[in-house]
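**Student:** Dropping the structure in here first, questions after.
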Amino acid sequence: MDSIQRVRAILSFINAADAGSFAGAARSLGISSAAVSKNIAGLERSLGVRLMNRTTRTLNLTEEGETFLREARVALAALDQAAEAVIAHRATPTGRVRISTSVGFGREQLTPVLPGLIDRYPGLAIEVDYDDRLVDLVHDRYDMALRGGHIADSSLISRPICQMNLVLVASPAYLAAHGTPRTPEDLGRHRLLTRRFLGGRVSPWNFRTADGSLTTANTERAVLTLSSPEALTQAVLDGAGIAEVGVHHAFKHLVAGSMKALLLSSHHSGNFEMTLQYPHRALVAPRVRVTVDYLLAAFAGMAELHVPLSALRHHAA
């Protein structure tokens, strides 16, 4: 007797014992009396003992039947408790959530909202890896990742967080000492600070031309090349030169006046986006679902992630 047949037989036995007849058990289970009788007979054969003495009018449990009934009730109660635990788990999510994020976004945007997440869901344990490399969520056993750039189609669910617009910036002190570029060609006379990604590619600076096409500035003469966007932002603040950084990194400094936006009429802000990604699954675990919903709501409320490009004009050199 396989497991499914055994469960059916045990349910038939318990219901027959409770009802005192095969007919009563059949009504409770929605099957025929013959099926109940067959199920119980098969259970007795598999156990090698008689559980019930039957007459045309009554059912009487044997001593073995009484023992088996007690243990079967315990087993059913355990199944009910398991189901209730899953329901409770859904109502109050618990468990560990593993997140992969870049160093910059993780430190500036993710980390500040994590205390609120665990306050709301005290059963959660959050584990975050701050790593700029591209991870394999399934292979590396992450529940989700926060990723920026050109997001390719994949087997992952991608939830948009924001557009990752770029802006050229310099400090007022640098511009006072070296002048303000008015055209992309003027950049050739300035100290340029560029970003190199972990794969070795240097981020290009793109500009719109009069006919609507894009051209790329020559940044090979950069005096400083850094892999960290936060370090690049700090170098600008320190007056090292002109850099292209994410608006979300620069905006608070633009508002404070410690940076100025450059060449807004011609600089192309890019078409990058930040997304929250997690694997396709038939059922998303409650701990993952509530974390996704909480983070997306928190990021939606961060002004620096949703600055319209038109607002940069108020902070231009």
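In the structure tokens, each chain is lettered A, B, ... as it comes, each chain's residues begin at 1, and ligands are numbered from 1 in order of appearance.
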Looking only at the backbone, which of the residues in stretch 19-241 of chain A does DSSP tag as helix (DSSP H, G or I), as a PyMOL selection string?
**Tutor:** chain A and resi 19+22-29+33-47+63-91+103-120+172-178+184-189+229-237
**Student:** How close does stretch 55-151 of chain A get to stretch 31-49 of chain A? List, as a Markdown table, each residue of stretch 55-151 of chain A within 12 Å, its nearest atom pair and the distance in Å to one decimal, counting only C-alpha atoms.
**Tutor:**
| residue | atom | partner | partner_atom | distance |
| --- | --- | --- | --- | --- |
| A:Leu59 | CA | A:Ser37 | CA | 11.5 |
| A:Leu61 | CA | A:Val49 | CA | 11.6 |
| A:Thr62 | CA | A:Val49 | CA | 9.3 |
| A:Glu63 | CA | A:Val49 | CA | 10.1 |
| A:Glu64 | CA | A:Val49 | CA | 7.3 |
| A:Gly65 | CA | A:Val49 | CA | 8.5 |
| A:Glu66 | CA | A:Val49 | CA | 12.0 |
| A:Thr67 | CA | A:Val49 | CA | 11.7 |
| A:Phe68 | CA | A:Leu47 | CA | 10.1 |
**Student:** What would the file look like if the residues just selected were written as an mmCIF file, in the first residue's frame with C-alpha atoms?
**Tutor:**
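What follows is the written file result-v4.cif:
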data_model
loop_
_atom_site.group_PDB
_atom_site.id
_atom_site.type_symbol
_atom_site.label_atom_id
_atom_site.label_comp_id
_atom_site.auth_asym_id
_atom_site.auth_seq_id
_atom_site.Cartn_x
_atom_site.Cartn_y
_atom_site.Cartn_z
ATOM 1 C CA LEU A 59 -18.646 -2.179 14.125
ATOM 2 C CA LEU A 61 -12.816 -2.082 17.377
ATOM 3 C CA THR A 62 -10.365 -4.771 18.321
ATOM 4 C CA GLU A 63 -7.685 -4.049 20.915
ATOM 5 C CA GLU A 64 -5.268 -3.400 18.060
ATOM 6 C CA GLY A 65 -7.910 -1.174 16.469
ATOM 7 C CA GLU A 66 -8.221 0.912 19.649
ATOM 8 C CA THR A 67 -4.448 1.389 19.792
ATOM 9 C CA PHE A 68 -4.239 2.237 16.112
#
**Student:** Per residue of stretch 266-295 of chain A within 8 Å of stretch 134-149 of chain A, which atom pair is closest and at what distance in Å (one decimal), using only C-alpha atoms, listed by chain and increasing number, as a Markdown table?
**Tutor:**
| residue | atom | partner | partner_atom | distance |
| --- | --- | --- | --- | --- |
| A:Phe272 | CA | A:Gly149 | CA | 4.6 |
| A:Glu273 | CA | A:Gly149 | CA | 5.5 |
| A:Met274 | CA | A:Gly148 | CA | 4.2 |
| A:Thr275 | CA | A:Arg147 | CA | 5.4 |
| A:Leu276 | CA | A:Leu146 | CA | 4.7 |
| A:Gln277 | CA | A:Ala145 | CA | 5.3 |
| A:Tyr278 | CA | A:Met144 | CA | 4.4 |
| A:Pro279 | CA | A:Val138 | CA | 7.0 |
| A:Val288 | CA | A:Asp143 | CA | 6.8 |
**Student:** Quick one: pull the distance between atom CA of A:Ser171 and atom CA of A:Leu237, Å, one decimal.
**Tutor:**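 According to the coordinates, atom CA of A:Ser171 and atom CA of A:Leu237 are separated by 5.6 Å.
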**Student:** Using only C-alpha atoms, determine which residues lie at most 12 Å from A:Ala311, disregarding the query and same-chain residues fewer than 6 positions distant; provide the list as a list of chain:residue names.
**Tutor:**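 Non-adjacent residues within range: A:Val167, A:Val247, A:Phe251, A:Leu254, A:Val255, A:Ala261, A:Leu264, A:Ala303, A:Glu304.
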**Student:** Go ahead and write the residues just picked, C-alpha atoms, as a compact mmCIF listing (two decimals), in the first residue's frame.
**Tutor:**
# COMPACT_ATOMS: atom_id res chain seq x y z
CA VAL A 167 24.75 64.14 -14.53
CA VAL A 247 21.80 61.97 -9.84
CA PHE A 251 21.43 65.65 -5.70
CA LEU A 254 23.62 70.08 -5.69
CA VAL A 255 20.93 71.29 -3.30
CA ALA A 261 25.54 70.54 -12.80
CA LEU A 264 22.60 69.92 -19.14
CA ALA A 303 13.23 61.88 -3.21
CA GLU A 304 16.82 61.46 -4.43
**Student:** So that I can see what lies close to A:Tyr130, please list as a CSV table (one decimal) with C-alpha atoms, in the first residue's frame the residues with an atom at most 6 Å from it, counting only C-alpha atoms and leaving out residues fewer than 3 positions away in the same chain.
**Tutor:**
chain,number,residue,atom,x,y,z
A,101,THR,CA,23.2,44.7,-3.7
A,102,SER,CA,25.9,47.1,-4.9
A,103,VAL,CA,28.0,48.8,-2.3
**Student:** Excluding stretch 7-17 of chain A and any residue of its chain fewer than 2 positions from it, enumerate the residues within 7 Å of it, using only C-alpha atoms, and give them as a count of residues only.
**Tutor:** 14
**Student:** Just give me the gap between atom CA of A:Arg120 and atom CA of A:Val290 in Å, one decimal is fine.
**Tutor:**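 Value for the atom CA of A:Arg120-atom CA of A:Val290 distance: 9.9 Å.
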**Student:** At a cut-off of 9 Å, using only C-alpha atoms, what residues contact A:Gly270? Leave out same-chain residues fewer than 5 positions from it and give the result as a VMD selection string.
**Tutor:** chain A and resid 164 to 166 206
**Student:** Out of A:Pro181, A:Gly104, A:Gly116, A:Gly301, which residue has the shortest atom-to-atom distance to A:Leu232 when counting only C-alpha atoms?
**Tutor:**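 Closest to A:Leu232, using only C-alpha atoms: A:Gly104.
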**Student:** Choose the residue, out of A:Gln81, A:Pro122, A:Val86, A:Ile161, that has the smallest atom-to-atom separation from A:Ala297; count only C-alpha atoms.
**Tutor:**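 Checking each candidate against A:Ala297, we get A:Ile161 as the closest.
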